[in-house]
>>> print(open('entry-v1.cif').read())   # mmCIF, C-alpha atoms
data_upload
loop_
_atom_site.label_atom_id
_atom_site.label_comp_id
_atom_site.auth_asym_id
_atom_site.auth_seq_id
_atom_site.Cartn_x
_atom_site.Cartn_y
_atom_site.Cartn_z
CA MET V 803 213.54 188.43 241.23
CA LEU V 804 210.26 188.61 243.14
CA ASP V 805 208.53 191.89 243.84
CA LYS V 806 209.17 192.90 247.47
CA GLU V 807 205.49 192.61 248.40
CA VAL V 808 205.17 189.22 246.70
CA ALA V 809 208.33 187.93 248.39
CA GLY V 810 206.97 189.05 251.76
CA PHE V 811 203.63 187.34 251.23
CA LEU V 812 205.34 184.19 250.03
CA ALA V 813 207.63 184.08 253.05
CA LEU V 814 204.66 184.40 255.40
CA LEU V 815 202.75 181.67 253.57
CA ASN V 816 205.73 179.32 253.51
CA GLU V 817 206.33 179.83 257.21
CA GLY V 818 202.75 179.87 258.47
CA PHE V 819 200.69 177.57 256.26
CA PRO V 820 200.08 174.23 258.02
CA ALA V 821 201.88 171.13 256.75
CA VAL V 822 198.63 169.52 255.68
CA GLU V 823 200.38 166.41 254.42
CA THR V 824 201.09 165.48 258.06
CA MET V 825 197.42 165.79 259.07
CA THR V 826 194.09 164.09 258.69
CA GLY V 827 191.54 165.80 256.48
CA ALA V 828 189.63 167.04 259.51
CA GLU V 829 192.80 168.42 261.11
CA ALA V 830 193.79 170.20 257.91
CA ARG V 831 190.30 171.64 257.62
CA ALA V 832 190.44 173.03 261.15
CA ALA V 833 193.94 174.44 260.71
CA THR V 834 193.12 176.27 257.49
CA LYS V 835 189.76 177.45 258.81
CA ALA V 836 191.58 179.13 261.71
CA ARG V 837 193.57 181.20 259.18
CA GLN V 838 190.54 182.64 257.38
CA VAL V 839 190.21 186.41 257.40
CA ALA V 840 186.83 188.13 257.19
CA PRO V 841 186.28 190.05 253.95
CA THR V 842 186.42 193.84 253.96
CA ASN V 843 184.47 194.35 250.72
CA LEU V 844 180.96 193.47 251.85
CA ASP V 845 179.50 196.39 249.89
CA ASP V 846 180.80 195.12 246.55
CA VAL V 847 177.46 193.40 245.94
CA ARG V 848 173.82 194.37 246.28
CA SER V 849 172.90 191.21 248.18
CA THR V 850 173.86 187.66 249.06
CA GLN V 851 171.59 184.68 249.65
CA ASP V 852 172.49 181.30 251.09
CA VAL V 853 170.62 178.45 249.40
CA THR V 854 170.40 174.66 249.56
CA ILE V 855 170.91 172.45 246.51
CA PRO V 856 169.75 168.83 246.33
CA VAL V 857 172.44 166.37 245.28
CA ASP V 858 172.72 162.60 245.09
CA GLY V 859 172.77 161.41 248.70
CA GLY V 860 171.81 164.68 250.38
CA THR V 861 172.11 168.43 249.97
CA ILE V 862 174.87 171.01 249.69
CA GLY V 863 174.97 174.72 250.35
CA ALA V 864 175.65 177.57 247.97
CA ARG V 865 175.76 181.36 248.13
CA VAL V 866 174.25 183.63 245.49
CA TYR V 867 175.91 187.02 244.97
CA ARG V 868 173.89 189.66 243.13
CA PRO V 869 175.71 192.73 241.79
CA HIS V 870 174.58 196.31 242.16
CA GLY V 871 172.42 197.79 239.42
CA ASP V 872 168.97 197.37 237.99
CA ALA V 873 167.41 194.25 239.49
CA ASP V 874 165.30 193.75 236.35
CA VAL V 875 168.32 193.38 234.05
CA ARG V 876 169.37 189.83 233.13
CA ARG V 877 172.91 189.21 234.26
CA PRO V 878 175.48 186.61 233.26
CA LEU V 879 175.77 183.63 235.60
CA VAL V 880 179.13 182.46 236.95
CA LEU V 881 179.22 179.18 238.85
CA PHE V 882 182.26 179.41 241.14
CA LEU V 883 184.06 176.42 242.67
CA HIS V 884 186.54 177.13 245.45
CA GLY V 885 189.99 175.62 245.81
CA GLY V 886 191.41 173.87 248.84
CA GLY V 887 192.83 170.59 247.61
CA PHE V 888 189.38 168.95 247.56
CA VAL V 889 189.74 168.82 251.38
CA PHE V 890 189.24 172.29 252.87
CA CYS V 891 187.97 175.82 252.24
CA ASP V 892 184.32 176.76 251.91
CA LEU V 893 181.93 179.59 251.13
CA GLU V 894 183.61 181.84 253.69
CA SER V 895 187.19 181.31 252.50
CA HIS V 896 186.37 182.70 249.05
CA ASP V 897 183.63 185.14 250.04
CA GLY V 898 185.62 188.31 249.40
CA PHE V 899 186.79 187.09 246.01
CA CYS V 900 183.27 186.13 244.95
CA ARG V 901 182.01 189.57 245.93
CA GLN V 902 184.67 191.23 243.81
CA LEU V 903 184.00 188.81 240.96
CA ALA V 904 180.28 189.62 240.95
CA GLN V 905 180.96 193.35 241.05
CA SER V 906 183.68 193.38 238.39
CA VAL V 907 181.99 191.07 235.89
CA GLU V 908 178.48 192.42 236.65
CA ALA V 909 177.38 188.82 237.04
CA VAL V 910 175.33 186.77 239.45
CA VAL V 911 177.84 184.45 241.10
CA VAL V 912 176.79 181.14 242.63
CA SER V 913 179.53 179.85 244.92
CA VAL V 914 179.22 176.12 245.61
CA ASP V 915 179.89 174.45 248.97
CA TYR V 916 180.55 171.01 247.50
CA ARG V 917 181.25 168.04 249.77
CA LEU V 918 184.88 167.51 250.76
CA ALA V 919 187.34 164.63 250.80
CA PRO V 920 188.32 162.29 252.32
CA GLU V 921 184.87 161.83 253.84
CA HIS V 922 183.40 162.28 250.37
CA PRO V 923 185.89 160.82 247.87
CA ALA V 924 185.99 161.34 244.12
CA PRO V 925 183.96 161.97 242.11
CA THR V 926 181.57 163.41 244.74
CA ALA V 927 182.84 166.98 244.42
CA ALA V 928 182.58 166.86 240.63
CA GLU V 929 179.04 165.50 240.71
CA ASP V 930 178.06 168.11 243.31
CA ALA V 931 179.47 170.83 241.07
CA TYR V 932 177.55 169.59 238.05
CA ALA V 933 174.36 169.30 240.14
CA ALA V 934 174.85 172.93 241.15
CA LEU V 935 175.15 173.95 237.50
CA LEU V 936 171.90 172.14 236.72
CA TRP V 937 170.21 173.76 239.72
CA ALA V 938 171.27 177.26 238.72
CA SER V 939 170.45 176.71 235.05
CA GLU V 940 166.91 175.70 235.97
CA ARG V 941 166.42 179.00 237.85
CA HIS V 942 167.40 181.74 235.42
CA ASP V 943 164.14 183.60 236.03
CA GLU V 944 164.52 183.37 239.80
CA LEU V 945 168.20 184.34 239.73
CA GLY V 946 167.76 187.01 237.07
CA THR V 947 170.38 185.44 234.84
CA ASP V 948 170.89 185.02 231.11
CA PRO V 949 170.79 181.43 229.78
CA ASP V 950 173.17 182.46 227.00
CA GLY V 951 175.73 183.87 229.43
CA VAL V 952 176.77 181.04 231.74
CA ALA V 953 180.36 180.33 232.77
CA VAL V 954 182.08 178.03 235.25
CA ALA V 955 185.11 179.20 237.20
CA GLY V 956 187.35 177.91 239.93
CA ASP V 957 190.80 178.11 241.49
CA SER V 958 193.21 175.19 242.04
CA ALA V 959 191.09 172.16 242.99
CA GLY V 960 188.10 174.32 242.08
CA GLY V 961 189.72 174.84 238.69
CA ASN V 962 189.74 171.08 238.35
CA LEU V 963 186.03 170.97 239.14
CA ALA V 964 185.26 173.79 236.70
CA ALA V 965 187.12 171.95 233.94
CA VAL V 966 185.30 168.72 234.79
CA VAL V 967 181.92 170.47 234.81
CA ALA V 968 182.66 171.86 231.34
CA LEU V 969 183.37 168.31 230.15
CA LEU V 970 180.23 166.94 231.82
CA ALA V 971 178.06 169.67 230.32
CA ARG V 972 179.43 168.75 226.89
CA ASP V 973 179.01 165.01 227.36
CA ARG V 974 175.68 165.01 229.19
CA GLY V 975 173.88 167.38 226.87
CA GLY V 976 174.18 170.69 228.68
CA PRO V 977 173.62 173.21 230.04
CA ALA V 978 175.37 175.24 227.36
CA LEU V 979 178.35 177.20 228.63
CA ALA V 980 179.72 180.46 227.26
CA GLY V 981 183.08 179.99 228.96
CA GLN V 982 185.27 178.46 231.61
CA ALA V 983 187.81 180.27 233.80
CA LEU V 984 190.47 177.99 235.24
CA LEU V 985 192.80 179.57 237.80
CA TYR V 986 195.98 177.46 238.14
CA PRO V 987 193.81 174.33 237.94
CA VAL V 988 194.73 170.87 239.19
CA VAL V 989 194.21 168.66 236.13
CA ASP V 990 196.14 165.40 236.65
CA PRO V 991 196.97 163.13 239.62
CA ALA V 992 200.29 161.83 238.28
CA CYS V 993 202.33 164.50 240.12
CA ASP V 994 205.39 163.66 238.00
CA THR V 995 205.90 166.61 235.67
CA PRO V 996 209.11 168.69 235.57
CA SER V 997 207.60 171.52 237.61
CA TYR V 998 206.96 169.06 240.45
CA ASP V 999 210.75 168.75 240.74
CA THR V 1000 211.64 172.38 240.08
CA TYR V 1001 209.06 173.87 242.45
CA ALA V 1002 208.68 171.04 244.94
CA GLU V 1003 208.89 173.43 247.89
CA GLY V 1004 209.48 177.04 248.80
CA HIS V 1005 206.64 178.48 246.71
CA PHE V 1006 203.66 177.96 249.06
CA ASN V 1007 202.00 175.11 247.13
CA THR V 1008 204.31 172.12 247.61
CA ALA V 1009 204.68 168.82 245.80
CA ALA V 1010 204.14 166.96 249.08
CA ALA V 1011 200.87 168.78 249.73
CA MET V 1012 199.65 168.13 246.17
CA ARG V 1013 200.29 164.40 246.47
CA TRP V 1014 198.43 164.39 249.79
CA TYR V 1015 195.45 166.23 248.25
CA TRP V 1016 195.16 163.61 245.54
CA ASP V 1017 195.47 160.81 248.11
CA GLN V 1018 192.57 162.31 250.06
CA TYR V 1019 190.39 162.68 246.97
CA LEU V 1020 191.25 159.45 245.15
CA GLY V 1021 192.71 157.24 247.87
CA PRO V 1022 196.38 156.24 248.13
CA GLU V 1023 196.14 153.96 245.09
CA ARG V 1024 194.75 156.86 243.03
CA ARG V 1025 192.39 154.74 241.02
CA LEU V 1026 190.59 156.80 238.42
CA PRO V 1027 186.84 156.41 237.86
CA ASP V 1028 185.24 155.60 234.55
CA PRO V 1029 185.41 157.92 232.71
CA PRO V 1030 188.74 159.23 234.09
CA GLU V 1031 187.94 162.86 233.22
CA LEU V 1032 185.49 162.88 236.15
CA VAL V 1033 188.57 163.69 238.23
CA ALA V 1034 191.38 164.24 235.71
CA PRO V 1035 190.41 166.59 232.86
CA SER V 1036 193.76 165.95 231.21
CA ARG V 1037 192.79 162.28 230.70
CA ALA V 1038 189.76 163.11 228.53
CA ALA V 1039 190.01 161.45 225.11
CA SER V 1040 189.16 164.76 223.44
CA LEU V 1041 188.64 168.35 224.52
CA THR V 1042 186.88 169.25 221.28
CA GLY V 1043 183.62 171.12 221.75
CA LEU V 1044 184.43 172.65 225.11
CA PRO V 1045 183.57 176.32 225.72
CA PRO V 1046 186.21 179.04 225.35
CA ALA V 1047 188.66 179.06 228.24
CA VAL V 1048 190.57 181.61 230.26
CA VAL V 1049 193.46 179.89 232.04
CA VAL V 1050 195.64 181.51 234.69
CA VAL V 1051 199.09 179.92 235.02
CA THR V 1052 201.40 180.57 237.97
CA GLY V 1053 205.07 180.27 237.14
CA ALA V 1054 206.62 179.02 240.37
CA ASP V 1055 204.17 176.20 241.04
CA PRO V 1056 204.33 172.38 240.96
CA LEU V 1057 201.25 172.56 238.71
CA ARG V 1058 202.82 174.75 236.04
CA THR V 1059 203.77 171.99 233.57
CA GLU V 1060 200.43 170.19 233.70
CA VAL V 1061 198.47 173.43 233.31
CA GLU V 1062 200.57 174.49 230.33
CA ALA V 1063 200.07 171.04 228.79
CA TYR V 1064 196.30 171.34 229.30
CA VAL V 1065 196.32 174.72 227.56
CA GLU V 1066 198.19 173.16 224.64
CA ARG V 1067 195.62 170.35 224.41
CA LEU V 1068 192.73 172.81 224.47
CA VAL V 1069 194.30 174.78 221.64
CA ALA V 1070 195.10 171.63 219.65
CA ASP V 1071 191.48 170.50 219.97
CA GLY V 1072 190.17 173.79 218.65
CA VAL V 1073 189.04 175.42 221.90
CA PRO V 1074 189.57 179.21 221.99
CA VAL V 1075 191.95 179.92 224.88
CA VAL V 1076 193.36 182.98 226.58
CA ALA V 1077 196.28 181.88 228.76
CA ARG V 1078 197.65 184.38 231.27
CA THR V 1079 201.01 183.36 232.76
CA TYR V 1080 202.41 185.10 235.83
CA PRO V 1081 205.98 183.86 236.34
CA ARG V 1082 206.53 185.92 239.50
CA LEU V 1083 203.23 185.16 241.23
CA PHE V 1084 202.51 182.09 243.31
CA HIS V 1085 199.74 179.51 243.46
CA GLY V 1086 196.65 180.94 245.13
CA PHE V 1087 197.47 184.59 244.54
CA ALA V 1088 194.28 185.54 242.71
CA THR V 1089 191.94 185.11 245.66
CA ILE V 1090 194.20 187.00 248.09
CA LEU V 1091 192.66 190.43 247.65
CA ALA V 1092 195.17 192.06 250.00
CA LEU V 1093 197.96 191.23 247.55
CA ARG V 1094 198.29 194.42 245.52
CA ALA V 1095 200.59 192.72 243.02
CA GLY V 1096 197.70 190.51 241.97
CA ALA V 1097 195.27 193.37 241.28
CA SER V 1098 196.15 193.80 237.59
CA ALA V 1099 195.91 190.03 237.04
CA ARG V 1100 192.44 190.01 238.57
CA GLU V 1101 191.42 192.95 236.39
CA LEU V 1102 192.53 191.00 233.31
CA LEU V 1103 190.62 187.95 234.51
CA TYR V 1104 187.45 189.95 234.98
CA ALA V 1105 187.88 191.61 231.57
CA ASP V 1106 188.38 188.21 229.95
CA LEU V 1107 185.21 186.91 231.60
CA ARG V 1108 183.23 190.00 230.56
CA ARG V 1109 184.35 189.38 226.98
CA LEU V 1110 183.30 185.71 227.08
CA LEU V 1111 179.96 186.64 228.63
CA ARG V 1112 179.48 189.61 226.29
CA VAL V 1113 179.18 192.16 229.08
CA SER V 1114 179.51 195.67 227.62
CA ALA V 1115 182.11 197.99 229.09
#
>>> encode(input="entry-v1.cif", output="structure tokens")
Amino acid sequence: MLDKEVAGFLALLNEGFPAVETMTGAEARAATKARQVAPTNLDDVRSTQDVTIPVDGGTIGARVYRPHGDADVRRPLVLFLHGGGFVFCDLESHDGFCRQLAQSVEAVVVSVDYRLAPEHPAPTAAEDAYAALLWASERHDELGTDPDGVAVAGDSAGGNLAAVVALLARDRGGPALAGQALLYPVVDPACDTPSYDTYAEGHFNTAAAMRWYWDQYLGPERRLPDPPELVAPSRAASLTGLPPAVVVVTGADPLRTEVEAYVERLVADGVPVVARTYPRLFHGFATILALRAGASARELLYADLRRLLRVSA
């Protein structure tokens, strides 16, 4: 049985979230943008700075969050990639979460405003994310960050991008990563696992919406690039050599089976993994700061990241 607060949140989300699968990408973007709520935790960080990052074919934006404390101390660096089905959300949608992340992990957080589908199909978002990692890793002195304490993190579609960036960093010779934090990540476009049937609807993230997200990112034929792990981390031939992972799994979610399978593959390939499963919490919960039931899960996430990044208590 769901906690009363969780059940209330879930009912509101099920009733009020737009049926994106009936929309164009631009329409879905506008509808979800209209639902954004301004953060109430502006003072969680010492400062923020909006920057521009050069990428193949143009530029993208990013926001740098610096935690409170001595400005001369080297901090860990967390590259954060927002969710939104590869189609919507932006720096503002995840601003409050990034502020709390920077404060709780005592890290400099770089949130990436990667280009969105369908206007920018796969693997644009993944390449933007990797370009952002290179950009940040070339500016440790400017950012005040520790080259030995770099992690990638993301939720949902952003979890996909974080997993892909970890693979690209391994296969393209760096930068070295101390960890990856994958929050209920999207890892495969097949959309045919058992949880897609069990949790097809009624739990906020629906099977219909997930199929639509993949269609926007890959096109209706869902042709994978070469190599396929540019968009589907689960299709990588090997996960050996990836950095330690923290994986958040939501129980009532079409993605549950594929995320659990990805955790099993990471473990089988020798990657240290901490998997946190929340059977009574729904997809997207971690970045909803108003959800009190998610507070302890976020505290565990931040503690796990501090451990990976060797931040003292």
>>> resolve_selection(input="entry-v1.cif", expression="the PyMOL selection byres ((chain V and resi 1033) around 7)", output="PyMOL selection string")
chain V and resi 924-925+966+1030-1032+1034-1035
>>> write_last_selection(input="entry-v1.cif", atoms="C-alpha atoms", output="PDB file, in the coordinates of the input")
ATOM      1  CA  ALA V 924     185.990 161.340 244.120  1.00  0.00           C
ATOM      2  CA  PRO V 925     183.960 161.970 242.110  1.00  0.00           C
ATOM      3  CA  VAL V 966     185.300 168.720 234.790  1.00  0.00           C
ATOM      4  CA  PRO V1030     188.740 159.230 234.090  1.00  0.00           C
ATOM      5  CA  GLU V1031     187.940 162.860 233.220  1.00  0.00           C
ATOM      6  CA  LEU V1032     185.490 162.880 236.150  1.00  0.00           C
ATOM      7  CA  ALA V1034     191.380 164.240 235.710  1.00  0.00           C
ATOM      8  CA  PRO V1035     190.410 166.590 232.860  1.00  0.00           C
TER       9      PRO V1035
END
>>> residues_near_point(input="entry-v1.cif", point="(189.2, 170.4, 260.8)", cutoff="12 Å", atoms="only C-alpha atoms", output="CSV table (one decimal) with C-alpha atoms, in the coordinates of the input")
chain,number,residue,atom,x,y,z
V,820,PRO,CA,200.1,174.2,258.0
V,822,VAL,CA,198.6,169.5,255.7
V,825,MET,CA,197.4,165.8,259.1
V,826,THR,CA,194.1,164.1,258.7
V,827,GLY,CA,191.5,165.8,256.5
V,828,ALA,CA,189.6,167.0,259.5
V,829,GLU,CA,192.8,168.4,261.1
V,830,ALA,CA,193.8,170.2,257.9
V,831,ARG,CA,190.3,171.6,257.6
V,832,ALA,CA,190.4,173.0,261.2
V,833,ALA,CA,193.9,174.4,260.7
V,834,THR,CA,193.1,176.3,257.5
V,835,LYS,CA,189.8,177.4,258.8
V,836,ALA,CA,191.6,179.1,261.7
V,837,ARG,CA,193.6,181.2,259.2
V,889,VAL,CA,189.7,168.8,251.4
V,890,PHE,CA,189.2,172.3,252.9
V,891,CYS,CA,188.0,175.8,252.2
V,892,ASP,CA,184.3,176.8,251.9
V,918,LEU,CA,184.9,167.5,250.8
V,919,ALA,CA,187.3,164.6,250.8
V,920,PRO,CA,188.3,162.3,252.3
V,921,GLU,CA,184.9,161.8,253.8
>>> atom_distance(input="entry-v1.cif", atom1="CA of Trp937 in chain V", atom2="CA of Pro977 in chain V")
10.3 Å
>>> atom_distance(input="entry-v1.cif", atom1="CA of Phe888 in chain V", atom2="CA of Thr1008 in chain V")
15.3 Å
>>> resolve_selection(input="entry-v1.cif", expression="the PyMOL selection byres ((chain V and resi 906) around 10)", output="CSV table (one decimal) with C-alpha atoms, keeping the file's coordinate frame")
chain,number,residue,atom,x,y,z
V,846,ASP,CA,180.8,195.1,246.6
V,847,VAL,CA,177.5,193.4,245.9
V,869,PRO,CA,175.7,192.7,241.8
V,900,CYS,CA,183.3,186.1,245.0
V,901,ARG,CA,182.0,189.6,245.9
V,902,GLN,CA,184.7,191.2,243.8
V,903,LEU,CA,184.0,188.8,241.0
V,904,ALA,CA,180.3,189.6,241.0
V,905,GLN,CA,181.0,193.4,241.0
V,907,VAL,CA,182.0,191.1,235.9
V,908,GLU,CA,178.5,192.4,236.6
V,909,ALA,CA,177.4,188.8,237.0
V,1100,ARG,CA,192.4,190.0,238.6
V,1101,GLU,CA,191.4,193.0,236.4
V,1103,LEU,CA,190.6,188.0,234.5
V,1104,TYR,CA,187.4,190.0,235.0
V,1105,ALA,CA,187.9,191.6,231.6
V,1107,LEU,CA,185.2,186.9,231.6
V,1108,ARG,CA,183.2,190.0,230.6
>>> resolve_selection(input="entry-v1.cif", expression="the PyMOL selection byres ((chain V and resi 953) around 7)", output="list in words")
Leu879, Val880, Leu881, Gly951, Val952, Val954, Ala955, Leu979, Ala980, Gly981 and Gln982 of chain V
>>> closest_residue(input="entry-v1.cif", among="V:Phe1006, V:Tyr1064, V:Phe882, V:Trp1016", to="Ala809 in chain V", atoms="all atoms listed in the file")
V:Phe1006
>>> atom_distance(input="entry-v1.cif", atom1="CA of Leu1083 in chain V", atom2="CA of Gly1096 in chain V")
7.7 Å
>>> closest_residue(input="entry-v1.cif", among="V:Tyr998, V:Phe899, V:Tyr916, V:Tyr1019", to="Pro856 in chain V", atoms="all atoms listed in the file")
V:Tyr916
>>> axis_aligned_box(input="entry-v1.cif", around="range 1072-1085 of chain V", padding_each_side="5 Å", output="lines of an AutoDock Vina configuration file")
center_x = 197.8
center_y = 179.9
center_z = 231.1
size_x = 27.5
size_y = 22.1
size_z = 34.8
>>> residues_near_point(input="entry-v1.cif", point="(202.9, 172.2, 235.4)", cutoff="12 Å", atoms="only C-alpha atoms", output="PyMOL selection string")
chain V and resi 986-1002+1009+1012+1036+1050-1066+1079+1085
>>> write_last_selection(input="entry-v1.cif", atoms="C-alpha atoms", output="mmCIF file, in the coordinates of the input")
data_model
loop_
_atom_site.group_PDB
_atom_site.id
_atom_site.type_symbol
_atom_site.label_atom_id
_atom_site.label_comp_id
_atom_site.auth_asym_id
_atom_site.auth_seq_id
_atom_site.Cartn_x
_atom_site.Cartn_y
_atom_site.Cartn_z
ATOM 1 C CA TYR V 986 195.980 177.460 238.140
ATOM 2 C CA PRO V 987 193.810 174.330 237.940
ATOM 3 C CA VAL V 988 194.730 170.870 239.190
ATOM 4 C CA VAL V 989 194.210 168.660 236.130
ATOM 5 C CA ASP V 990 196.140 165.400 236.650
ATOM 6 C CA PRO V 991 196.970 163.130 239.620
ATOM 7 C CA ALA V 992 200.290 161.830 238.280
ATOM 8 C CA CYS V 993 202.330 164.500 240.120
ATOM 9 C CA ASP V 994 205.390 163.660 238.000
ATOM 10 C CA THR V 995 205.900 166.610 235.670
ATOM 11 C CA PRO V 996 209.110 168.690 235.570
ATOM 12 C CA SER V 997 207.600 171.520 237.610
ATOM 13 C CA TYR V 998 206.960 169.060 240.450
ATOM 14 C CA ASP V 999 210.750 168.750 240.740
ATOM 15 C CA THR V 1000 211.640 172.380 240.080
ATOM 16 C CA TYR V 1001 209.060 173.870 242.450
ATOM 17 C CA ALA V 1002 208.680 171.040 244.940
ATOM 18 C CA ALA V 1009 204.680 168.820 245.800
ATOM 19 C CA MET V 1012 199.650 168.130 246.170
ATOM 20 C CA SER V 1036 193.760 165.950 231.210
ATOM 21 C CA VAL V 1050 195.640 181.510 234.690
ATOM 22 C CA VAL V 1051 199.090 179.920 235.020
ATOM 23 C CA THR V 1052 201.400 180.570 237.970
ATOM 24 C CA GLY V 1053 205.070 180.270 237.140
ATOM 25 C CA ALA V 1054 206.620 179.020 240.370
ATOM 26 C CA ASP V 1055 204.170 176.200 241.040
ATOM 27 C CA PRO V 1056 204.330 172.380 240.960
ATOM 28 C CA LEU V 1057 201.250 172.560 238.710
ATOM 29 C CA ARG V 1058 202.820 174.750 236.040
ATOM 30 C CA THR V 1059 203.770 171.990 233.570
ATOM 31 C CA GLU V 1060 200.430 170.190 233.700
ATOM 32 C CA VAL V 1061 198.470 173.430 233.310
ATOM 33 C CA GLU V 1062 200.570 174.490 230.330
ATOM 34 C CA ALA V 1063 200.070 171.040 228.790
ATOM 35 C CA TYR V 1064 196.300 171.340 229.300
ATOM 36 C CA VAL V 1065 196.320 174.720 227.560
ATOM 37 C CA GLU V 1066 198.190 173.160 224.640
ATOM 38 C CA THR V 1079 201.010 183.360 232.760
ATOM 39 C CA HIS V 1085 199.740 179.510 243.460
#
>>> closest_residue(input="entry-v1.cif", among="V:Trp1014, V:Val914, V:His922, V:Phe811", to="Thr824 in chain V", atoms="only C-alpha atoms")
V:Trp1014
>>> closest_residue(input="entry-v1.cif", among="V:Thr947, V:Thr926, V:Ser1040, V:Ser939", to="Leu969 in chain V", atoms="all atoms listed in the file")
V:Ser1040
>>> closest_residue(input="entry-v1.cif", among="V:Glu1023, V:His1005, V:Arg1067, V:Arg1109", to="Leu815 in chain V", atoms="all atoms listed in the file")
V:His1005
>>> closest_residue(input="entry-v1.cif", among="V:Val808, V:Leu936, V:Ser849, V:Leu1110", to="Arg1094 in chain V", atoms="all atoms listed in the file")
V:Val808
>>> build_atoms(input="entry-v1.cif", residues="range 874-892 of chain V", atoms="N, CA and C atoms", output="tab-separated table (two decimals), in the frame of the given file")
chain	number	residue	atom	x	y	z
V	874	ASP	N	166.09	194.34	237.44
V	874	ASP	CA	165.30	193.75	236.35
V	874	ASP	C	166.14	193.36	235.14
V	875	VAL	N	167.44	193.69	235.17
V	875	VAL	CA	168.32	193.38	234.05
V	875	VAL	C	168.86	191.96	234.20
V	876	ARG	N	168.79	191.19	233.12
V	876	ARG	CA	169.37	189.83	233.13
V	876	ARG	C	170.89	189.93	233.17
V	877	ARG	N	171.46	189.20	234.08
V	877	ARG	CA	172.91	189.21	234.26
V	877	ARG	C	173.51	187.88	233.80
V	878	PRO	N	174.80	187.89	233.47
V	878	PRO	CA	175.48	186.61	233.26
V	878	PRO	C	175.49	185.81	234.57
V	879	LEU	N	175.68	184.52	234.45
V	879	LEU	CA	175.77	183.63	235.60
V	879	LEU	C	177.15	183.00	235.63
V	880	VAL	N	177.84	183.13	236.76
V	880	VAL	CA	179.13	182.46	236.95
V	880	VAL	C	179.00	181.49	238.11
V	881	LEU	N	179.18	180.21	237.82
V	881	LEU	CA	179.22	179.18	238.85
V	881	LEU	C	180.65	179.08	239.33
V	882	PHE	N	180.88	179.38	240.62
V	882	PHE	CA	182.26	179.41	241.14
V	882	PHE	C	182.50	178.24	242.08
V	883	LEU	N	183.67	177.59	241.89
V	883	LEU	CA	184.06	176.42	242.67
V	883	LEU	C	185.40	176.71	243.36
V	884	HIS	N	185.36	176.72	244.68
V	884	HIS	CA	186.54	177.13	245.45
V	884	HIS	C	187.62	176.07	245.44
V	885	GLY	N	188.86	176.53	245.63
V	885	GLY	CA	189.99	175.62	245.81
V	885	GLY	C	190.09	175.14	247.24
V	886	GLY	N	191.19	174.42	247.52
V	886	GLY	CA	191.41	173.87	248.84
V	886	GLY	C	191.77	172.39	248.80
V	887	GLY	N	192.34	171.95	247.69
V	887	GLY	CA	192.83	170.59	247.61
V	887	GLY	C	191.77	169.52	247.71
V	888	PHE	N	190.53	169.85	247.42
V	888	PHE	CA	189.38	168.95	247.56
V	888	PHE	C	189.06	168.64	249.03
V	889	VAL	N	189.83	169.20	249.96
V	889	VAL	CA	189.74	168.82	251.38
V	889	VAL	C	189.22	169.94	252.26
V	890	PHE	N	189.63	171.18	252.00
V	890	PHE	CA	189.24	172.29	252.87
V	890	PHE	C	188.81	173.50	252.05
V	891	CYS	N	188.57	174.58	252.74
V	891	CYS	CA	187.97	175.82	252.24
V	891	CYS	C	186.47	175.63	252.04
V	892	ASP	N	185.78	176.78	251.89
V	892	ASP	CA	184.32	176.76	251.91
V	892	ASP	C	183.79	178.07	251.37
